[in-house]
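Text of final.cif, listed as mmCIF, C-alpha atoms and all ligand atoms:
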```cif
data_structure
loop_
_atom_site.label_atom_id
_atom_site.label_comp_id
_atom_site.auth_asym_id
_atom_site.auth_seq_id
_atom_site.Cartn_x
_atom_site.Cartn_y
_atom_site.Cartn_z
CA MET A 1 3.49 125.21 85.11
CA LEU A 2 1.87 121.83 85.67
CA THR A 3 3.36 118.42 86.30
CA ASN A 4 2.83 115.86 83.55
CA GLU A 5 0.25 114.15 85.78
CA GLU A 6 -1.69 117.40 86.27
CA ASN A 7 -1.59 118.03 82.53
CA GLU A 8 -3.01 114.58 81.78
CA PHE A 9 -5.65 115.09 84.49
CA LEU A 10 -7.02 118.23 82.82
CA THR A 11 -6.74 117.29 79.16
CA ARG A 12 -7.48 113.60 78.46
CA VAL A 13 -11.01 112.86 77.31
CA GLY A 14 -11.40 109.08 76.92
CA PRO A 15 -13.81 106.98 79.00
CA GLY A 16 -12.79 106.88 82.65
CA THR A 17 -10.29 109.74 82.42
CA PRO A 18 -10.65 112.52 85.03
CA ALA A 19 -11.69 115.28 82.57
CA GLY A 20 -13.50 112.80 80.29
CA GLU A 21 -16.04 112.17 83.03
CA PRO A 22 -17.31 115.75 83.51
CA LEU A 23 -17.30 116.22 79.71
CA ARG A 24 -19.71 113.27 79.55
CA ARG A 25 -22.18 115.12 81.79
CA TYR A 26 -23.07 117.66 79.07
CA TRP A 27 -24.94 117.26 75.80
CA LEU A 28 -22.39 117.67 73.00
CA PRO A 29 -23.11 118.47 69.35
CA VAL A 30 -21.71 115.65 67.24
CA SER A 31 -22.92 116.24 63.68
CA ILE A 32 -24.68 118.57 61.27
CA ALA A 33 -28.25 117.26 61.02
CA LYS A 34 -28.55 117.99 57.27
CA GLU A 35 -25.68 115.61 56.56
CA LEU A 36 -27.72 112.57 57.61
CA THR A 37 -29.98 111.88 54.62
CA ASP A 38 -31.90 108.99 53.08
CA GLU A 39 -29.00 108.58 50.64
CA ASN A 40 -26.38 108.76 53.42
CA PRO A 41 -28.15 107.49 56.55
CA THR A 42 -24.99 106.55 58.50
CA GLN A 43 -22.05 108.63 59.61
CA PHE A 44 -18.93 107.67 61.51
CA VAL A 45 -18.25 109.98 64.44
CA ARG A 46 -15.48 109.85 66.99
CA ILE A 47 -16.37 111.77 70.15
CA LEU A 48 -14.44 111.80 73.43
CA GLY A 49 -12.19 109.09 72.02
CA GLU A 50 -15.10 106.70 71.29
CA ASP A 51 -15.77 105.39 67.78
CA LEU A 52 -19.47 105.63 67.05
CA VAL A 53 -21.96 105.47 64.22
CA LEU A 54 -24.75 107.98 63.92
CA PHE A 55 -27.64 106.70 61.84
CA ARG A 56 -31.22 107.42 60.93
CA ASP A 57 -33.56 104.49 60.57
CA LYS A 58 -36.36 104.46 57.99
CA THR A 59 -38.91 105.72 60.48
CA GLY A 60 -36.73 108.80 61.14
CA ARG A 61 -35.36 107.79 64.56
CA VAL A 62 -31.73 108.78 65.04
CA GLY A 63 -29.34 106.63 67.02
CA LEU A 64 -25.72 106.73 68.10
CA LEU A 65 -24.18 103.29 68.57
CA GLU A 66 -20.72 101.95 69.13
CA ASP A 67 -19.26 101.55 65.64
CA ARG A 68 -17.87 98.07 66.31
CA CYS A 69 -20.57 95.42 65.94
CA SER A 70 -21.07 93.30 69.07
CA HIS A 71 -20.81 90.13 66.98
CA ARG A 72 -17.30 90.22 65.54
CA GLY A 73 -16.49 93.87 65.24
CA ALA A 74 -17.32 95.01 61.69
CA SER A 75 -18.14 98.71 61.37
CA LEU A 76 -21.81 99.63 61.49
CA VAL A 77 -21.11 102.59 59.19
CA TYR A 78 -21.66 100.06 56.40
CA GLY A 79 -24.84 98.74 58.00
CA ARG A 80 -28.15 98.71 56.14
CA VAL A 81 -30.78 100.88 57.74
CA GLU A 82 -34.35 99.67 57.78
CA GLU A 83 -37.54 100.58 59.67
CA ARG A 84 -36.44 98.92 62.90
CA GLY A 85 -32.83 100.08 63.03
CA ILE A 86 -29.47 99.28 61.48
CA ALA A 87 -28.35 95.82 60.38
CA CYS A 88 -24.64 95.05 60.35
CA ALA A 89 -23.51 94.50 56.76
CA TYR A 90 -21.49 91.41 57.71
CA HIS A 91 -24.05 88.96 59.24
CA GLY A 92 -27.11 91.15 59.60
CA TRP A 93 -27.32 91.56 63.35
CA LEU A 94 -29.97 94.24 63.64
CA TYR A 95 -29.86 96.96 66.32
CA ASP A 96 -32.43 99.59 67.22
CA VAL A 97 -31.54 103.13 68.31
CA GLU A 98 -31.32 101.95 71.92
CA GLY A 99 -28.78 99.27 71.06
CA ASN A 100 -31.18 96.34 71.51
CA CYS A 101 -30.37 93.45 69.19
CA LEU A 102 -33.56 92.59 67.33
CA GLU A 103 -32.30 89.91 64.99
CA THR A 104 -29.33 87.60 64.47
CA PRO A 105 -30.26 86.11 61.04
CA PRO A 106 -27.76 83.21 60.87
CA GLU A 107 -28.90 81.81 64.27
CA PRO A 108 -31.62 79.14 64.49
CA ALA A 109 -35.12 80.61 64.34
CA GLU A 110 -35.88 79.69 67.96
CA SER A 111 -32.63 81.20 69.30
CA LYS A 112 -32.91 83.76 72.08
CA PHE A 113 -29.21 84.57 71.87
CA ARG A 114 -29.98 88.11 70.65
CA LEU A 115 -31.49 88.90 74.07
CA THR A 116 -28.01 88.62 75.62
CA ILE A 117 -26.61 91.25 73.24
CA LYS A 118 -26.57 94.96 73.92
CA GLN A 119 -24.78 97.35 71.59
CA LYS A 120 -23.54 100.47 73.38
CA ALA A 121 -25.98 103.30 72.57
CA TYR A 122 -26.20 106.97 73.51
CA PRO A 123 -29.27 109.21 73.37
CA VAL A 124 -29.41 111.78 70.57
CA LYS A 125 -31.42 114.98 70.24
CA LYS A 126 -31.77 117.40 67.37
CA PHE A 127 -31.33 121.03 68.37
CA ILE A 128 -30.47 124.07 66.17
CA GLY A 129 -29.80 121.93 63.13
CA LEU A 130 -27.27 119.77 64.96
CA TYR A 131 -27.45 116.31 66.47
CA TRP A 132 -26.41 116.36 70.12
CA ALA A 133 -25.36 113.31 72.10
CA TYR A 134 -25.29 112.57 75.79
CA MET A 135 -22.60 110.06 76.72
CA GLY A 136 -22.83 110.11 80.52
CA PRO A 137 -24.76 108.20 83.15
CA GLU A 138 -28.56 108.36 83.06
CA PRO A 139 -30.62 110.34 83.66
CA ALA A 140 -29.47 112.90 81.10
CA PRO A 141 -29.71 116.57 82.07
CA LEU A 142 -31.39 119.24 79.91
CA ILE A 143 -29.65 121.21 77.16
CA PRO A 144 -29.18 124.69 78.67
CA LYS A 145 -31.08 127.51 76.96
CA TYR A 146 -28.25 129.95 76.37
CA ASP A 147 -29.51 133.19 74.86
CA VAL A 148 -27.52 132.72 71.64
CA TRP A 149 -29.28 129.39 71.13
CA VAL A 150 -32.88 130.26 71.97
CA ARG A 151 -33.57 133.98 71.54
CA GLN A 152 -36.44 134.42 69.15
CA ASP A 153 -35.71 137.95 67.92
CA GLY A 154 -33.38 136.69 65.27
CA VAL A 155 -32.13 133.63 63.45
CA ARG A 156 -29.19 131.32 63.80
CA ARG A 157 -26.43 130.20 61.49
CA ILE A 158 -24.05 127.26 61.89
CA ILE A 159 -20.45 127.76 60.92
CA LEU A 160 -18.28 124.67 60.78
CA GLN A 161 -14.63 125.40 61.36
CA PRO A 162 -11.89 123.21 59.90
CA GLN A 163 -11.04 120.37 62.27
CA LEU A 164 -8.72 121.53 65.02
CA ASP A 165 -5.83 119.09 65.26
CA CYS A 166 -5.00 119.49 68.93
CA ASN A 167 -6.42 118.96 72.39
CA TRP A 168 -9.67 120.81 73.22
CA PHE A 169 -8.26 122.48 76.34
CA GLN A 170 -5.82 124.64 74.35
CA ALA A 171 -8.81 126.32 72.71
CA MET A 172 -10.48 126.73 76.10
CA GLU A 173 -7.41 128.30 77.70
CA ASN A 174 -7.38 130.76 74.83
CA SER A 175 -10.90 131.81 75.83
CA VAL A 176 -9.55 133.25 79.09
CA ASP A 177 -6.45 134.75 77.49
CA PRO A 178 -7.62 138.25 76.57
CA ALA A 179 -4.10 139.66 76.11
CA HIS A 180 -3.53 137.77 72.87
CA LEU A 181 -6.22 139.75 71.01
CA GLN A 182 -4.14 142.92 70.84
CA ILE A 183 -1.05 141.04 69.62
CA LEU A 184 -1.96 137.91 67.63
CA HIS A 185 -4.95 139.58 65.97
CA GLN A 186 -3.45 143.06 65.58
CA ASP A 187 -3.71 143.04 61.78
CA THR A 188 -7.18 141.59 61.46
CA ALA A 189 -9.25 142.35 64.61
CA LYS A 190 -12.06 144.59 63.51
CA SER A 191 -12.00 146.62 66.74
CA ARG A 192 -8.78 148.33 65.76
CA GLY A 193 -10.49 150.43 63.08
CA SER A 194 -8.11 151.84 60.52
CA ARG A 195 -5.25 152.62 62.92
CA ALA A 196 -1.89 150.96 62.63
CA ALA A 197 -0.12 149.75 65.76
CA SER A 198 2.89 151.88 66.71
CA SER A 199 4.90 148.71 67.24
CA THR A 200 4.15 145.28 65.79
CA THR A 201 5.61 143.70 68.91
CA ARG A 202 3.22 145.48 71.28
CA GLY A 203 0.32 145.51 68.84
CA PHE A 204 -2.58 147.30 70.53
CA THR A 205 -1.59 146.23 74.06
CA ASP A 206 -1.28 149.83 75.20
CA ASP A 207 -4.98 150.44 74.52
CA ILE A 208 -5.80 148.27 77.53
CA GLU A 209 -6.24 149.56 81.07
CA SER A 210 -6.88 146.18 82.75
CA PHE A 211 -8.05 142.59 82.42
CA ASP A 212 -10.30 140.98 84.99
CA PHE A 213 -11.96 137.60 85.40
CA TYR A 214 -14.86 136.51 87.49
CA GLU A 215 -16.81 133.32 87.88
CA VAL A 216 -20.55 133.12 87.13
CA PRO A 217 -22.87 130.10 87.47
CA TYR A 218 -22.37 129.07 83.83
CA GLY A 219 -18.67 129.87 83.45
CA ILE A 220 -16.09 132.63 83.59
CA ILE A 221 -16.40 136.20 82.34
CA LYS A 222 -13.29 137.81 80.97
CA LYS A 223 -13.36 141.54 81.04
CA ARG A 224 -11.18 143.96 79.10
CA THR A 225 -11.25 147.60 80.16
CA TYR A 226 -9.84 149.93 77.56
CA LYS A 227 -8.13 153.22 78.45
CA LYS A 228 -10.79 155.03 76.46
CA GLY A 229 -13.47 153.61 78.75
CA LEU A 230 -14.94 150.81 76.63
CA VAL A 231 -15.53 147.62 78.59
CA ASP A 232 -15.61 144.36 76.71
CA GLU A 233 -16.90 141.22 78.43
CA HIS A 234 -17.09 137.72 76.99
CA PRO A 235 -18.07 134.53 78.75
CA LEU A 236 -16.42 131.17 78.68
CA ILE A 237 -19.35 128.80 79.05
CA PHE A 238 -18.09 125.86 81.05
CA PRO A 239 -16.65 123.48 80.07
CA ASN A 240 -16.17 123.72 76.29
CA ILE A 241 -17.77 126.86 74.84
CA ASN A 242 -16.55 130.40 74.24
CA ARG A 243 -19.03 133.14 73.44
CA GLU A 244 -17.26 135.68 71.30
CA GLY A 245 -19.59 138.41 70.07
CA ASN A 246 -22.88 136.89 68.93
CA THR A 247 -21.35 133.44 68.42
CA THR A 248 -20.94 130.43 70.65
CA GLN A 249 -17.79 128.60 69.66
CA ILE A 250 -18.27 125.00 70.72
CA ARG A 251 -15.21 122.78 71.08
CA VAL A 252 -16.13 119.11 71.08
CA PRO A 253 -13.24 116.76 71.77
CA ILE A 254 -13.03 114.11 69.05
CA ASP A 255 -10.22 112.48 71.00
CA ASP A 256 -7.22 113.70 73.00
CA THR A 257 -5.60 115.42 70.03
CA HIS A 258 -8.46 116.44 67.70
CA THR A 259 -11.38 118.77 68.24
CA TRP A 260 -14.61 119.36 66.33
CA HIS A 261 -15.11 123.14 66.24
CA VAL A 262 -18.60 124.30 65.45
CA PHE A 263 -20.05 127.79 65.82
CA ILE A 264 -23.66 128.78 66.43
CA ARG A 265 -24.19 132.45 65.58
CA PHE A 266 -27.22 134.50 66.53
CA GLU A 267 -28.21 137.17 64.00
CA PRO A 268 -30.76 139.58 65.49
CA SER A 269 -33.64 140.80 63.38
CA GLU A 270 -33.43 144.27 61.84
CA ASP A 271 -36.13 145.70 64.09
CA GLY A 272 -36.00 143.57 67.23
CA ASN A 273 -39.08 141.63 66.19
CA ARG A 274 -39.41 137.93 66.57
CA ILE A 275 -38.55 135.89 63.49
CA GLU A 276 -39.85 132.44 62.71
CA GLU A 277 -36.85 130.33 61.71
CA GLU A 278 -37.60 128.28 58.62
CA GLY A 279 -36.30 124.79 59.14
CA ASP A 280 -32.72 124.15 60.15
CA PRO A 281 -30.27 127.06 60.20
CA PRO A 282 -28.00 127.50 57.17
CA VAL A 283 -24.60 125.85 57.46
CA GLU A 284 -21.34 127.39 56.29
CA TYR A 285 -18.32 125.12 55.87
CA LEU A 286 -15.07 127.06 56.17
CA ARG A 287 -12.03 126.25 54.07
CA ALA A 288 -8.86 124.90 55.66
CA TYR A 289 -6.61 127.22 57.61
CA LYS A 290 -3.47 125.27 56.71
CA ASP A 291 -1.84 123.56 53.79
CA PRO A 292 -1.84 120.60 53.54
CA PRO A 293 -5.10 120.57 55.53
CA GLU A 294 -4.44 117.22 57.24
CA ALA A 295 -0.83 117.87 58.18
CA LEU A 296 0.47 118.89 61.58
CA HIS A 297 3.01 121.53 62.48
CA PRO A 298 5.75 121.79 61.20
CA LEU A 299 4.60 119.97 58.06
CA ALA A 300 1.66 122.31 57.53
CA ARG A 301 1.79 126.04 56.94
CA PHE A 302 -1.07 128.16 58.30
CA ARG A 303 -2.46 131.15 56.48
CA LEU A 304 -2.87 134.04 58.93
CA ASN A 305 -5.27 136.32 57.09
CA GLU A 306 -8.25 135.58 59.38
CA VAL A 307 -8.74 135.77 63.13
CA MET A 308 -9.72 132.11 63.50
CA ALA A 309 -6.83 130.94 61.33
CA GLN A 310 -4.48 132.84 63.67
CA ASP A 311 -6.06 131.17 66.69
CA HIS A 312 -5.88 127.69 65.16
CA MET A 313 -2.20 128.34 64.38
CA ALA A 314 -1.46 129.30 67.98
CA TRP A 315 -3.37 126.35 69.47
CA GLU A 316 -2.06 123.65 67.14
CA THR A 317 1.55 124.78 67.32
CA GLN A 318 1.39 124.43 71.11
CA GLY A 319 1.45 120.70 70.34
CA PRO A 320 -1.12 117.89 70.02
CA ILE A 321 -1.46 118.21 73.81
CA ALA A 322 0.44 121.27 75.03
CA ASP A 323 3.28 120.29 77.34
CA ARG A 324 2.38 122.42 80.35
CA SER A 325 5.41 121.17 82.29
CA GLN A 326 7.49 123.42 80.01
CA GLU A 327 5.48 126.64 80.15
CA ARG A 328 6.27 129.87 82.02
CA LEU A 329 3.02 131.43 83.16
CA ALA A 330 3.06 135.18 83.77
CA THR A 331 0.64 137.68 85.29
CA SER A 332 -1.40 137.91 82.08
CA ASP A 333 -2.17 134.19 82.41
CA ARG A 334 -4.29 134.48 85.54
CA GLY A 335 -7.47 133.64 83.63
CA ILE A 336 -5.84 130.40 82.57
CA VAL A 337 -4.89 129.59 86.15
CA LEU A 338 -8.49 130.26 87.20
CA LEU A 339 -9.88 127.99 84.46
CA ARG A 340 -7.54 125.16 85.45
CA GLU A 341 -8.58 125.53 89.10
CA ILE A 342 -12.25 125.44 88.16
CA LEU A 343 -11.87 122.40 85.89
CA LYS A 344 -9.95 120.57 88.64
CA ARG A 345 -12.62 121.46 91.17
CA GLU A 346 -15.40 120.27 88.84
CA ILE A 347 -13.57 117.00 88.04
CA GLU A 348 -13.34 116.35 91.78
CA LYS A 349 -17.05 117.10 92.21
CA VAL A 350 -17.89 114.48 89.58
CA GLN A 351 -15.54 112.05 91.30
CA ARG A 352 -17.60 112.59 94.48
CA GLY A 353 -20.79 111.80 92.56
CA GLN A 354 -22.01 115.40 92.13
CA ASP A 355 -23.04 117.26 89.00
CA PRO A 356 -20.46 119.63 87.54
CA LYS A 357 -21.02 123.34 86.94
CA GLY A 358 -23.91 124.46 84.79
CA ILE A 359 -25.85 121.17 84.70
CA ILE A 360 -29.60 121.79 84.63
CA ARG A 361 -32.04 119.05 85.56
CA ASP A 362 -34.99 120.93 86.97
CA ALA A 363 -37.57 121.81 84.31
CA ALA A 364 -38.67 124.79 86.45
CA GLN A 365 -35.18 126.26 86.15
CA HIS A 366 -34.95 125.57 82.45
CA THR A 367 -35.36 129.17 81.34
CA MET A 368 -33.22 131.30 79.07
CA ILE A 369 -29.71 131.88 80.40
CA ASP A 370 -28.66 135.46 79.86
CA THR A 371 -24.95 135.55 78.96
CA HIS A 372 -25.15 139.37 78.60
CA LEU A 373 -25.53 139.02 74.86
CA ASP A 374 -27.43 142.32 74.65
CA GLU A 375 -24.42 144.33 75.81
CA THR A 376 -22.30 142.64 73.19
CA LEU A 377 -24.85 143.19 70.44
CA LYS A 378 -25.00 146.90 71.32
CA GLN A 379 -21.22 147.22 71.13
CA MET A 380 -21.07 145.27 67.90
CA ALA A 381 -23.78 147.47 66.37
CA MET A 382 -21.90 150.61 67.43
CA SER A 383 -18.67 149.42 65.85
CA GLY A 384 -20.43 148.25 62.68
CA ARG A 385 -19.51 144.60 63.29
CA LEU A 386 -23.03 143.31 63.66
CA GLN A 387 -24.59 141.46 60.78
CA LYS A 388 -28.35 141.77 61.18
CA SER A 389 -30.58 139.15 59.77
CA VAL A 390 -32.70 140.08 56.79
CA GLY A 391 -33.98 137.84 54.05
CA ALA A 392 -37.13 136.00 53.24
CA ARG A 393 -38.12 134.88 56.66
CA PHE A 394 -41.47 135.44 58.23
CA MET A 395 -41.55 138.40 60.66
CA ILE A 396 -43.82 138.34 63.67
CA ASN A 397 -44.99 141.47 65.47
CA HIS A 398 -43.97 142.44 68.97
CA GLU A 399 -47.55 141.76 70.08
CA ASP A 400 -47.19 138.10 69.18
CA ARG A 401 -44.33 137.53 71.55
CA GLY A 402 -46.53 136.25 74.35
S1 LIG A 501 -19.79 91.37 62.62
FE1 LIG A 501 -21.69 92.34 62.67
S2 LIG A 501 -23.12 90.77 62.35
FE2 LIG A 501 -21.22 89.75 62.32
FE FE A 502 -8.03 134.75 69.36
#
```

What's the structure tokens form of this structure?
Amino acid sequence: MLTNEENEFLTRVGPGTPAGEPLRRYWLPVSIAKELTDENPTQFVRILGEDLVLFRDKTGRVGLLEDRCSHRGASLVYGRVEERGIACAYHGWLYDVEGNCLETPPEPAESKFRLTIKQKAYPVKKFIGLYWAYMGPEPAPLIPKYDVWVRQDGVRRIILQPQLDCNWFQAMENSVDPAHLQILHQDTAKSRGSRAASSTTRGFTDDIESFDFYEVPYGIIKKRTYKKGLVDEHPLIFPNINREGNTTQIRVPIDDTHTWHVFIRFEPSEDGNRIEEEGDPPVEYLRAYKDPPEALHPLARFRLNEVMAQDHMAWETQGPIADRSQERLATSDRGIVLLREILKREIEKVQRGQDPKGIIRDAAQHTMIDTHLDETLKQMAMSGRLQKSVGARFMINHEDRG
């Protein structure tokens, strides 16, 4: 159980909030790159409680600016893009991707007023078919090379989940809550095979010998040991990613009570050979898990015929921000206690001016981070859950790996 103050400390994401500060030390995906086109060169995005416009100018540079124009506040989503940047639709103040004001058309020709204007701007990078933003203090760190994101013996796929209408940290607590798999997902989890549970209340709980958690440099590993000997380990990648199977599930806080939920899945090649990815990965948009899709509990009804729909149901019905002053933690919640302790510790590090966990700045250390994906792929292949990548992509021999 937490006090209300402790709950706010761990969950709020806006500028200047305790948890909002460490979240601003990581590159966060903010949009699907394919969605920004010549026909639709601007997109409104709200990230970490900030209203922003993502745009592509006519030379192909991508910028992320505060949505509210510095002049008198009209939205830049309706701005006109040109070679040099984006011009506000209202009076034409023109901004480049760095937020410099290049023109203020209604001012006298000799005016230097524009030099006093700076529109808030964040750096953007394209990586794996997504635009990523860095909203923290300069200099920006590097985007970590997690195996799922950079391995070359396969291809990637982006899967966009329906928007999650609750606070990001509910999804993250779920990532260190292994006990729920055998209960919440008892009807759908593929690991159960064709057996039926002897009791719907206990689900497959009695298959489990033990749960353990341990901290690693990039996060927390949760470990399930089954009575039959199988060991299942999945990492929570701090602060906002869960790797489940061959997929990183990235939870990007839109604001305190909404979360953008995007998956990057690695599909290994049939034969272990390197595959040249052709352009951006394909993107799958999943249909809503609830009806009506915009409504909140209890006005929406979730369908529960898929694992992720079940998870979204559990997280959203905990409340827009779960009230942790009313919970009753038990022994099976020790992963959650550990995650809260680590987040608190990392918030305090940032408050002391240090980098939080997992930040990489040194190019020499910017090598692939092994999250033990191979073990998972082996288990998935054994249980028939692994979708290998085939298709018309160009295969490269082992010898070419370099
Ligand atoms: S409000 Fe944007 S130029 Fe006037
Ligand atoms: Fe789950």

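With all atoms listed in the file as the atoms that count, the residue of A:Asp153, A:Glu173, A:Glu35, A:Glu83 with the shortest distance to ligand FE 502 (chain A) is A:Glu173.
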
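Using only C-alpha atoms and all ligand atoms, the nearest neighbour of ligand FE 502 (chain A) within the list A:Val155, A:Ala309, A:Leu164, A:Ile241 is A:Ala309.
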
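You can rank A:Pro162, A:Gly154, A:Ser198, A:Thr3 by their closest distance to A:Pro293 using only C-alpha atoms, and at the top of that list sits A:Pro162.
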
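Taking atom CA of A:Pro292 and atom CA of A:Pro320 as endpoints, the distance between them is 16.7 Å.
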
Cut-off 9 Å, only C-alpha atoms and all ligand atoms, neighbours of ligand FE 502 (chain A) as a CSV table (one decimal) with C-alpha atoms, in the frame of the given file:
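File produced: out_38.csv:
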```csv
chain,number,residue,atom,x,y,z
A,174,ASN,CA,-7.4,130.8,74.8
A,175,SER,CA,-10.9,131.8,75.8
A,177,ASP,CA,-6.4,134.8,77.5
A,178,PRO,CA,-7.6,138.2,76.6
A,180,HIS,CA,-3.5,137.8,72.9
A,181,LEU,CA,-6.2,139.8,71.0
A,184,LEU,CA,-2.0,137.9,67.6
A,185,HIS,CA,-5.0,139.6,66.0
A,307,VAL,CA,-8.7,135.8,63.1
A,308,MET,CA,-9.7,132.1,63.5
A,309,ALA,CA,-6.8,130.9,61.3
A,310,GLN,CA,-4.5,132.8,63.7
A,311,ASP,CA,-6.1,131.2,66.7
A,312,HIS,CA,-5.9,127.7,65.2
A,314,ALA,CA,-1.5,129.3,68.0
```

- [ ] Find the spatial neighbours of A:Phe169, counting only C-alpha atoms, within a cut-off of 12 Å - ignore same-chain residues fewer than 5 positions away - and output them as a VMD selection string.
- [x] chain A and resid 7 to 13 19 to 20 23 164 174 to 176 238 to 242 250 to 253 255 to 259 315 to 316 318 to 324 336 339 to 340 343

Output C-alpha atoms of each residue in that selection to a file, as an mmCIF file, in the frame of the given file.
```
data_model
loop_
_atom_site.group_PDB
_atom_site.id
_atom_site.type_symbol
_atom_site.label_atom_id
_atom_site.label_comp_id
_atom_site.auth_asym_id
_atom_site.auth_seq_id
_atom_site.Cartn_x
_atom_site.Cartn_y
_atom_site.Cartn_z
ATOM 1 C CA ASN A 7 -1.590 118.030 82.530
ATOM 2 C CA GLU A 8 -3.010 114.580 81.780
ATOM 3 C CA PHE A 9 -5.650 115.090 84.490
ATOM 4 C CA LEU A 10 -7.020 118.230 82.820
ATOM 5 C CA THR A 11 -6.740 117.290 79.160
ATOM 6 C CA ARG A 12 -7.480 113.600 78.460
ATOM 7 C CA VAL A 13 -11.010 112.860 77.310
ATOM 8 C CA ALA A 19 -11.690 115.280 82.570
ATOM 9 C CA GLY A 20 -13.500 112.800 80.290
ATOM 10 C CA LEU A 23 -17.300 116.220 79.710
ATOM 11 C CA LEU A 164 -8.720 121.530 65.020
ATOM 12 C CA ASN A 174 -7.380 130.760 74.830
ATOM 13 C CA SER A 175 -10.900 131.810 75.830
ATOM 14 C CA VAL A 176 -9.550 133.250 79.090
ATOM 15 C CA PHE A 238 -18.090 125.860 81.050
ATOM 16 C CA PRO A 239 -16.650 123.480 80.070
ATOM 17 C CA ASN A 240 -16.170 123.720 76.290
ATOM 18 C CA ILE A 241 -17.770 126.860 74.840
ATOM 19 C CA ASN A 242 -16.550 130.400 74.240
ATOM 20 C CA ILE A 250 -18.270 125.000 70.720
ATOM 21 C CA ARG A 251 -15.210 122.780 71.080
ATOM 22 C CA VAL A 252 -16.130 119.110 71.080
ATOM 23 C CA PRO A 253 -13.240 116.760 71.770
ATOM 24 C CA ASP A 255 -10.220 112.480 71.000
ATOM 25 C CA ASP A 256 -7.220 113.700 73.000
ATOM 26 C CA THR A 257 -5.600 115.420 70.030
ATOM 27 C CA HIS A 258 -8.460 116.440 67.700
ATOM 28 C CA THR A 259 -11.380 118.770 68.240
ATOM 29 C CA TRP A 315 -3.370 126.350 69.470
ATOM 30 C CA GLU A 316 -2.060 123.650 67.140
ATOM 31 C CA GLN A 318 1.390 124.430 71.110
ATOM 32 C CA GLY A 319 1.450 120.700 70.340
ATOM 33 C CA PRO A 320 -1.120 117.890 70.020
ATOM 34 C CA ILE A 321 -1.460 118.210 73.810
ATOM 35 C CA ALA A 322 0.440 121.270 75.030
ATOM 36 C CA ASP A 323 3.280 120.290 77.340
ATOM 37 C CA ARG A 324 2.380 122.420 80.350
ATOM 38 C CA ILE A 336 -5.840 130.400 82.570
ATOM 39 C CA LEU A 339 -9.880 127.990 84.460
ATOM 40 C CA ARG A 340 -7.540 125.160 85.450
ATOM 41 C CA LEU A 343 -11.870 122.400 85.890
#
```

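Separating atom CA of A:Arg334 from atom CA of A:Arg202 is a distance of 19.5 Å.
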
At a cut-off of 10 Å, can you tabulate as CSV every residue of chain A near ligand LIG 501 (chain A) together with its closest atom pair and the distance in Å to one decimal, using only C-alpha atoms and all ligand atoms and ordering rows by chain then number?
```
residue,atom,partner,partner_atom,distance
A:Asp67,CA,A:LIG501,FE1,10.0
A:Arg68,CA,A:LIG501,FE1,7.8
A:Cys69,CA,A:LIG501,FE1,4.6
A:Ser70,CA,A:LIG501,FE1,6.5
A:His71,CA,A:LIG501,S1,4.6
A:Arg72,CA,A:LIG501,S1,4.0
A:Gly73,CA,A:LIG501,S1,4.9
A:Ala74,CA,A:LIG501,S1,4.5
A:Ser75,CA,A:LIG501,FE1,7.4
A:Leu76,CA,A:LIG501,FE1,7.4
A:Tyr78,CA,A:LIG501,FE1,9.9
A:Gly79,CA,A:LIG501,FE1,8.5
A:Ala87,CA,A:LIG501,S2,7.5
A:Cys88,CA,A:LIG501,FE1,4.6
A:Ala89,CA,A:LIG501,FE1,6.6
A:Tyr90,CA,A:LIG501,FE2,4.9
A:His91,CA,A:LIG501,S2,3.7
A:Gly92,CA,A:LIG501,S2,4.9
A:Trp93,CA,A:LIG501,S2,4.4
A:Leu94,CA,A:LIG501,S2,7.8
A:Tyr95,CA,A:LIG501,S2,10.0
A:Glu103,CA,A:LIG501,S2,9.6
A:Thr104,CA,A:LIG501,S2,7.3
A:Pro105,CA,A:LIG501,S2,8.6
A:Pro106,CA,A:LIG501,S2,9.0
```
